[in-house]
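*Asks:* What follows is the file entry.cif, containing mmCIF, C-alpha atoms, pLDDT in the B column; chains and numbers go by the auth columns:
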data_work
#
loop_
_atom_site.group_PDB
_atom_site.id
_atom_site.type_symbol
_atom_site.label_atom_id
_atom_site.label_comp_id
_atom_site.label_asym_id
_atom_site.label_seq_id
_atom_site.Cartn_x
_atom_site.Cartn_y
_atom_site.Cartn_z
_atom_site.B_iso_or_equiv
_atom_site.auth_seq_id
_atom_site.auth_asym_id
ATOM 1 C CA MET A 1 210.238 -69.440 -84.981 62.00 129 N
ATOM 2 C CA GLY A 2 209.668 -65.678 -85.194 76.00 130 N
ATOM 3 C CA ILE A 3 206.387 -64.046 -86.121 86.00 131 N
ATOM 4 C CA TRP A 4 206.604 -61.624 -89.033 89.00 132 N
ATOM 5 C CA GLN A 5 204.316 -58.574 -88.847 89.00 133 N
ATOM 6 C CA GLY A 6 205.025 -57.115 -92.268 90.00 134 N
ATOM 7 C CA ARG A 7 202.747 -56.696 -95.280 90.00 135 N
ATOM 8 C CA SER A 8 201.110 -59.817 -96.661 90.00 136 N
ATOM 9 C CA ARG A 9 202.408 -61.264 -99.914 92.00 137 N
ATOM 10 C CA ARG A 10 198.834 -61.749 -101.127 94.00 138 N
ATOM 11 C CA LYS A 11 196.139 -59.286 -102.202 94.00 139 N
ATOM 12 C CA ARG A 12 192.693 -59.346 -100.648 94.00 140 N
ATOM 13 C CA THR A 13 191.512 -61.091 -103.812 96.00 141 N
ATOM 14 C CA GLY A 14 194.109 -63.823 -103.366 95.00 142 N
ATOM 15 C CA GLY A 15 196.397 -62.609 -106.129 96.00 143 N
ATOM 16 C CA ARG A 16 200.137 -62.297 -105.581 96.00 144 N
ATOM 17 C CA LEU A 17 201.758 -59.001 -104.571 95.00 145 N
ATOM 18 C CA ARG A 18 205.254 -58.323 -105.877 93.00 146 N
ATOM 19 C CA PRO A 19 207.432 -57.430 -102.849 90.00 147 N
ATOM 20 C CA ILE A 20 208.917 -53.932 -103.040 89.00 148 N
ATOM 21 C CA ARG A 21 211.585 -54.794 -100.477 91.00 149 N
ATOM 22 C CA LYS A 22 212.765 -57.633 -98.230 91.00 150 N
ATOM 23 C CA LYS A 23 211.819 -58.274 -94.610 89.00 151 N
ATOM 24 C CA ARG A 24 213.046 -55.892 -91.912 89.00 152 N
ATOM 25 C CA ARG A 25 214.150 -56.658 -88.368 85.00 153 N
ATOM 26 C CA SER A 26 211.647 -54.099 -87.072 85.00 154 N
ATOM 27 C CA GLU A 27 208.806 -56.183 -88.543 89.00 155 N
ATOM 28 C CA ILE A 28 209.626 -59.265 -86.479 88.00 156 N
ATOM 29 C CA ALA A 29 207.424 -59.662 -83.396 85.00 157 N
ATOM 30 C CA PRO A 30 209.085 -60.387 -80.033 82.00 158 N
ATOM 31 C CA GLU A 31 209.068 -64.005 -78.935 81.00 159 N
ATOM 32 C CA ILE A 32 206.176 -64.953 -76.666 83.00 160 N
ATOM 33 C CA GLN A 33 207.200 -65.483 -73.038 88.00 161 N
ATOM 34 C CA PHE A 34 204.752 -65.873 -70.179 92.00 162 N
ATOM 35 C CA ALA A 35 204.923 -64.801 -66.545 93.00 163 N
ATOM 36 C CA THR A 36 204.180 -67.700 -64.202 93.00 164 N
ATOM 37 C CA VAL A 37 204.172 -68.442 -60.479 93.00 165 N
ATOM 38 C CA GLY A 38 207.573 -69.494 -59.133 92.00 166 N
ATOM 39 C CA ALA A 39 210.864 -68.268 -57.660 93.00 167 N
ATOM 40 C CA THR A 40 211.358 -64.665 -58.848 91.00 168 N
ATOM 41 C CA GLU A 41 213.132 -64.290 -62.185 93.00 169 N
ATOM 42 C CA VAL A 42 213.167 -61.080 -64.293 93.00 170 N
ATOM 43 C CA LYS A 43 214.598 -60.832 -67.814 92.00 171 N
ATOM 44 C CA LYS A 44 215.869 -57.699 -69.585 93.00 172 N
ATOM 45 C CA VAL A 45 214.705 -57.392 -73.180 89.00 173 N
ATOM 46 C CA ARG A 46 216.005 -54.905 -75.744 88.00 174 N
ATOM 47 C CA SER A 47 213.264 -52.877 -77.385 85.00 175 N
ATOM 48 C CA ARG A 48 213.213 -50.377 -80.228 84.00 176 N
ATOM 49 C CA GLY A 49 215.706 -47.545 -79.911 89.00 177 N
ATOM 50 C CA GLY A 50 218.045 -49.549 -77.668 90.00 178 N
ATOM 51 C CA ASN A 51 215.697 -49.154 -74.689 91.00 179 N
ATOM 52 C CA GLN A 52 215.095 -51.965 -72.237 92.00 180 N
ATOM 53 C CA LYS A 53 211.952 -53.582 -70.896 90.00 181 N
ATOM 54 C CA LEU A 54 211.856 -55.785 -67.840 91.00 182 N
ATOM 55 C CA ARG A 55 209.904 -58.992 -68.376 93.00 183 N
ATOM 56 C CA ILE A 56 208.781 -61.095 -65.419 93.00 184 N
ATOM 57 C CA MET A 57 209.374 -64.770 -66.105 94.00 185 N
ATOM 58 C CA LEU A 58 208.593 -66.128 -62.626 95.00 186 N
ATOM 59 C CA THR A 59 207.313 -64.371 -59.511 94.00 187 N
ATOM 60 C CA THR A 60 205.889 -65.089 -56.071 94.00 188 N
ATOM 61 C CA ALA A 61 205.212 -61.473 -55.003 95.00 189 N
ATOM 62 C CA ILE A 62 202.552 -58.939 -55.963 96.00 190 N
ATOM 63 C CA ASN A 63 201.875 -55.377 -54.780 96.00 191 N
ATOM 64 C CA VAL A 64 198.216 -55.253 -53.715 97.00 192 N
ATOM 65 C CA TYR A 65 196.077 -52.112 -53.455 97.00 193 N
ATOM 66 C CA ASP A 66 193.207 -52.445 -50.973 95.00 194 N
ATOM 67 C CA PRO A 67 190.341 -50.052 -51.855 94.00 195 N
ATOM 68 C CA ALA A 68 188.866 -50.335 -48.344 93.00 196 N
ATOM 69 C CA THR A 69 191.991 -49.066 -46.554 93.00 197 N
ATOM 70 C CA LYS A 70 193.422 -47.196 -49.606 95.00 198 N
ATOM 71 C CA ALA A 71 196.805 -48.742 -48.902 96.00 199 N
ATOM 72 C CA MET A 72 199.342 -50.657 -51.000 96.00 200 N
ATOM 73 C CA ARG A 73 201.119 -53.651 -49.505 95.00 201 N
ATOM 74 C CA PRO A 74 203.126 -56.623 -50.756 96.00 202 N
ATOM 75 C CA ALA A 75 201.497 -60.044 -50.774 96.00 203 N
ATOM 76 C CA LYS A 76 202.503 -63.616 -51.551 96.00 204 N
ATOM 77 C CA LEU A 77 201.180 -64.987 -54.828 95.00 205 N
ATOM 78 C CA LEU A 78 199.686 -68.468 -54.511 95.00 206 N
ATOM 79 C CA THR A 79 197.929 -69.419 -57.754 95.00 207 N
ATOM 80 C CA VAL A 80 195.934 -68.143 -60.746 95.00 208 N
ATOM 81 C CA ARG A 81 192.145 -68.504 -60.353 95.00 209 N
ATOM 82 C CA GLU A 82 190.808 -66.965 -63.610 94.00 210 N
ATOM 83 C CA ASN A 83 192.332 -65.523 -66.747 94.00 211 N
ATOM 84 C CA PRO A 84 190.054 -63.869 -69.326 94.00 212 N
ATOM 85 C CA ALA A 85 192.887 -63.861 -71.911 94.00 213 N
ATOM 86 C CA ASN A 86 192.789 -67.670 -72.210 94.00 214 N
ATOM 87 C CA PRO A 87 191.115 -70.323 -70.020 92.00 215 N
ATOM 88 C CA ASN A 88 194.129 -72.635 -70.489 95.00 216 N
ATOM 89 C CA TYR A 89 196.374 -70.081 -68.750 95.00 217 N
ATOM 90 C CA VAL A 90 194.735 -70.998 -65.420 95.00 218 N
ATOM 91 C CA GLN A 91 196.013 -74.584 -65.594 95.00 219 N
ATOM 92 C CA ARG A 92 199.498 -73.356 -66.520 94.00 220 N
ATOM 93 C CA ASN A 93 199.508 -70.556 -63.852 94.00 221 N
ATOM 94 C CA ILE A 94 200.205 -67.897 -66.502 95.00 222 N
ATOM 95 C CA ILE A 95 199.731 -64.316 -65.302 95.00 223 N
ATOM 96 C CA THR A 96 198.522 -61.575 -67.659 94.00 224 N
ATOM 97 C CA LYS A 97 196.798 -58.235 -67.142 95.00 225 N
ATOM 98 C CA GLY A 98 193.235 -58.838 -65.948 95.00 226 N
ATOM 99 C CA ALA A 99 193.999 -62.239 -64.425 95.00 227 N
ATOM 100 C CA LEU A 100 192.405 -63.060 -61.081 96.00 228 N
ATOM 101 C CA VAL A 101 195.034 -64.469 -58.718 96.00 229 N
ATOM 102 C CA GLU A 102 194.851 -65.961 -55.233 95.00 230 N
ATOM 103 C CA THR A 103 197.129 -64.324 -52.659 95.00 231 N
ATOM 104 C CA ASP A 104 197.562 -64.547 -48.904 94.00 232 N
ATOM 105 C CA VAL A 105 195.310 -61.438 -48.561 93.00 233 N
ATOM 106 C CA GLY A 106 192.535 -62.746 -50.841 92.00 234 N
ATOM 107 C CA LEU A 107 191.604 -62.467 -54.514 95.00 235 N
ATOM 108 C CA VAL A 108 193.499 -59.869 -56.530 96.00 236 N
ATOM 109 C CA GLU A 109 193.010 -58.647 -60.103 96.00 237 N
ATOM 110 C CA VAL A 110 196.307 -57.978 -61.903 96.00 238 N
ATOM 111 C CA ARG A 111 196.435 -54.389 -63.208 96.00 239 N
ATOM 112 C CA SER A 112 200.002 -54.236 -64.571 94.00 240 N
ATOM 113 C CA ARG A 113 201.467 -55.921 -67.631 93.00 241 N
ATOM 114 C CA PRO A 114 204.109 -58.373 -66.372 91.00 242 N
ATOM 115 C CA GLY A 115 205.708 -58.774 -69.801 87.00 243 N
ATOM 116 C CA GLN A 116 206.171 -55.001 -70.179 88.00 244 N
ATOM 117 C CA HIS A 117 206.614 -53.456 -66.714 88.00 245 N
ATOM 118 C CA GLY A 118 208.780 -55.894 -64.787 89.00 246 N
ATOM 119 C CA ILE A 119 206.594 -55.566 -61.688 92.00 247 N
ATOM 120 C CA LEU A 120 203.297 -57.087 -60.653 94.00 248 N
ATOM 121 C CA ASN A 121 200.595 -54.784 -59.274 96.00 249 N
ATOM 122 C CA GLY A 122 197.002 -55.648 -58.504 96.00 250 N
ATOM 123 C CA ILE A 123 193.829 -54.496 -56.818 97.00 251 N
ATOM 124 C CA ARG A 124 192.007 -56.531 -54.174 96.00 252 N
ATOM 125 C CA VAL A 125 188.524 -57.631 -55.242 94.00 253 N
ATOM 126 C CA GLU A 126 185.620 -58.843 -53.173 86.00 254 N
ATOM 127 C CA ARG A 127 183.736 -61.737 -54.709 75.00 255 N
ATOM 128 C CA PRO A 128 179.966 -61.805 -53.994 62.00 256 N
ATOM 129 C CA SER A 129 179.010 -65.035 -52.209 53.00 257 N
ATOM 130 C CA ALA A 130 176.726 -67.248 -54.250 47.00 258 N
#
Could you spell out this file's structure in structure tokens?

*Replies:*
Amino acid sequence: MGIWQGRSRRKRTGGRLRPIRKKRRSEIAPEIQFATVGATEVKKVRSRGGNQKLRIMLTTAINVYDPATKAMRPAKLLTVRENPANPNYVQRNIITKGALVETDVGLVEVRSRPGQHGILNGIRVERPSA
């Protein structure tokens, strides 16, 4: 089911608003699809103006920037450790911007938007030992 992002049919007071026109295709939100850990799969999505966005559906690779060496290198994605967007995303291995993921080079914070950019970039973080 699509999500409609048009004007509400109710006033703030709860009264009914008479619609001045019908729904438009541009007011329908894109369907929600999440990037997860798995064999790499990228989907092309049409956006406004006939442009295309690349949406990561599954991935096992991430480009990691190391602030100590100031170098970018590819790394293998293992699992999602934390996700401030939603705690349930950790159990489902869903990757969003700001998620903390485990890689073969250590903990990495995701800095790109996998549903918009079609690539996964992150920055290596050092966790203080408790």

*Asks:* Please compute the CA of Ile156 in chain N-CA of Arg140 in chain N distance, one decimal, in Å.

*Replies:*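 Result for CA of Ile156 in chain N versus CA of Arg140 in chain N: 22.1 Å, one decimal.
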
*Asks:* For range 139-226 of chain N against range 237-257 of chain N, with a cut-off of 8 Å and counting all atoms listed in the file, what is the closest atom pair and its distance in Å to one decimal for every residue that makes the cut, ordered by chain and number, as a tab-separated table?

*Replies:*
residue	atom	partner	partner_atom	distance
N:Gln161	CA	N:Gly243	CA	7.6
N:Phe162	CA	N:Gly243	CA	7.2
N:Ala163	CA	N:Pro242	CA	6.5
N:Val170	CA	N:Gly246	CA	6.8
N:Lys181	CA	N:Gln244	CA	6.0
N:Leu182	CA	N:Gly246	CA	4.3
N:Arg183	CA	N:Gly243	CA	4.4
N:Ile184	CA	N:Gly246	CA	5.2
N:Met185	CA	N:Gly243	CA	7.9
N:Ala189	CA	N:Leu248	CA	7.4
N:Ile190	CA	N:Leu248	CA	5.1
N:Asn191	CA	N:Asn249	CA	4.7
N:Val192	CA	N:Gly250	CA	5.0
N:Tyr193	CA	N:Ile251	CA	4.7
N:Asp194	CA	N:Arg252	CA	5.3
N:Pro195	CA	N:Arg252	CA	7.1
N:Ile223	CA	N:Pro242	CA	7.5
N:Thr224	CA	N:Arg241	CA	6.4
N:Lys225	CA	N:Arg241	CA	5.2
N:Gly226	CA	N:Val238	CA	5.2

*Asks:* Run the PyMOL selection byres ((chain N and resi 130-132) around 12) mentally over the shown coordinates, then write out the matched residues as a list in words, using the chain letters and numbers from the document.

*Replies:*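 Output from the PyMOL selection byres ((chain N and resi 130-132) around 12), applied to this file: Met129, Gln133, Gly134, Arg135, Ser136, Arg137, Lys150, Lys151, Arg152, Arg153, Ser154, Glu155, Ile156, Ala157, Pro158, Glu159 and Ile160 of chain N.
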
*Asks:* Deliver the residues from the most recent selection as a file, using C-alpha atoms, as a short mmCIF file (atom, residue, chain, number, x, y, z; two decimals), keeping the file's coordinate frame.

*Replies:*
data_model
loop_
_atom_site.label_atom_id
_atom_site.label_comp_id
_atom_site.auth_asym_id
_atom_site.auth_seq_id
_atom_site.Cartn_x
_atom_site.Cartn_y
_atom_site.Cartn_z
CA MET N 129 210.24 -69.44 -84.98
CA GLN N 133 204.32 -58.57 -88.85
CA GLY N 134 205.02 -57.12 -92.27
CA ARG N 135 202.75 -56.70 -95.28
CA SER N 136 201.11 -59.82 -96.66
CA ARG N 137 202.41 -61.26 -99.91
CA LYS N 150 212.76 -57.63 -98.23
CA LYS N 151 211.82 -58.27 -94.61
CA ARG N 152 213.05 -55.89 -91.91
CA ARG N 153 214.15 -56.66 -88.37
CA SER N 154 211.65 -54.10 -87.07
CA GLU N 155 208.81 -56.18 -88.54
CA ILE N 156 209.63 -59.26 -86.48
CA ALA N 157 207.42 -59.66 -83.40
CA PRO N 158 209.08 -60.39 -80.03
CA GLU N 159 209.07 -64.00 -78.94
CA ILE N 160 206.18 -64.95 -76.67
#

*Asks:* What is the distance, in Å and to one decimal place, between CA of Val233 in chain N and CA of Tyr217 in chain N?

*Replies:*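 So the answer is 22.0 Å.
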
*Asks:* Can you work out which one of N:Lys171, N:Lys139, N:Arg149, N:Thr164 has the shortest atom-to-atom distance to Gln219 in chain N, counting all atoms listed in the file?

*Replies:*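 Among the listed residues, N:Thr164 lies closest to Gln219 in chain N.
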
*Asks:* Evaluated on this file, the PyMOL selection byres ((chain N and resi 166) around 9) picks out some residues - which ones are they, written as a list in words?

*Replies:*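 Listing what the PyMOL selection byres ((chain N and resi 166) around 9) selects in the shown file: Thr164, Val165, Ala167, Thr168, Glu169, Met185, Leu186, Thr187, Thr188 and Leu205 of chain N.
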
*Asks:* Quick check, in Å to one decimal: how far apart do CA of Ser175 in chain N and CA of Ile222 in chain N lie?

*Replies:*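 About the pair CA of Ser175 in chain N and CA of Ile222 in chain N: they are 22.7 Å apart.
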
*Asks:* Go through N:Arg220, N:Arg146, N:Lys204, N:Arg138 one by one, measure the shortest atom-to-atom distance of each to Gly234 in chain N using only C-alpha atoms, and give the residue with the smallest value.

*Replies:* N:Lys204

*Asks:* Padding 6 Å on each side, edges along x, y and z: where is the centre of the box around the listed atoms of range 230-249 of chain N, and how long are its edges in Å to one decimal? Output it as lines of an AutoDock Vina configuration file.

*Replies:*
center_x = 200.2
center_y = -59.7
center_z = -59.4
size_x = 29.2
size_y = 24.5
size_z = 33.6
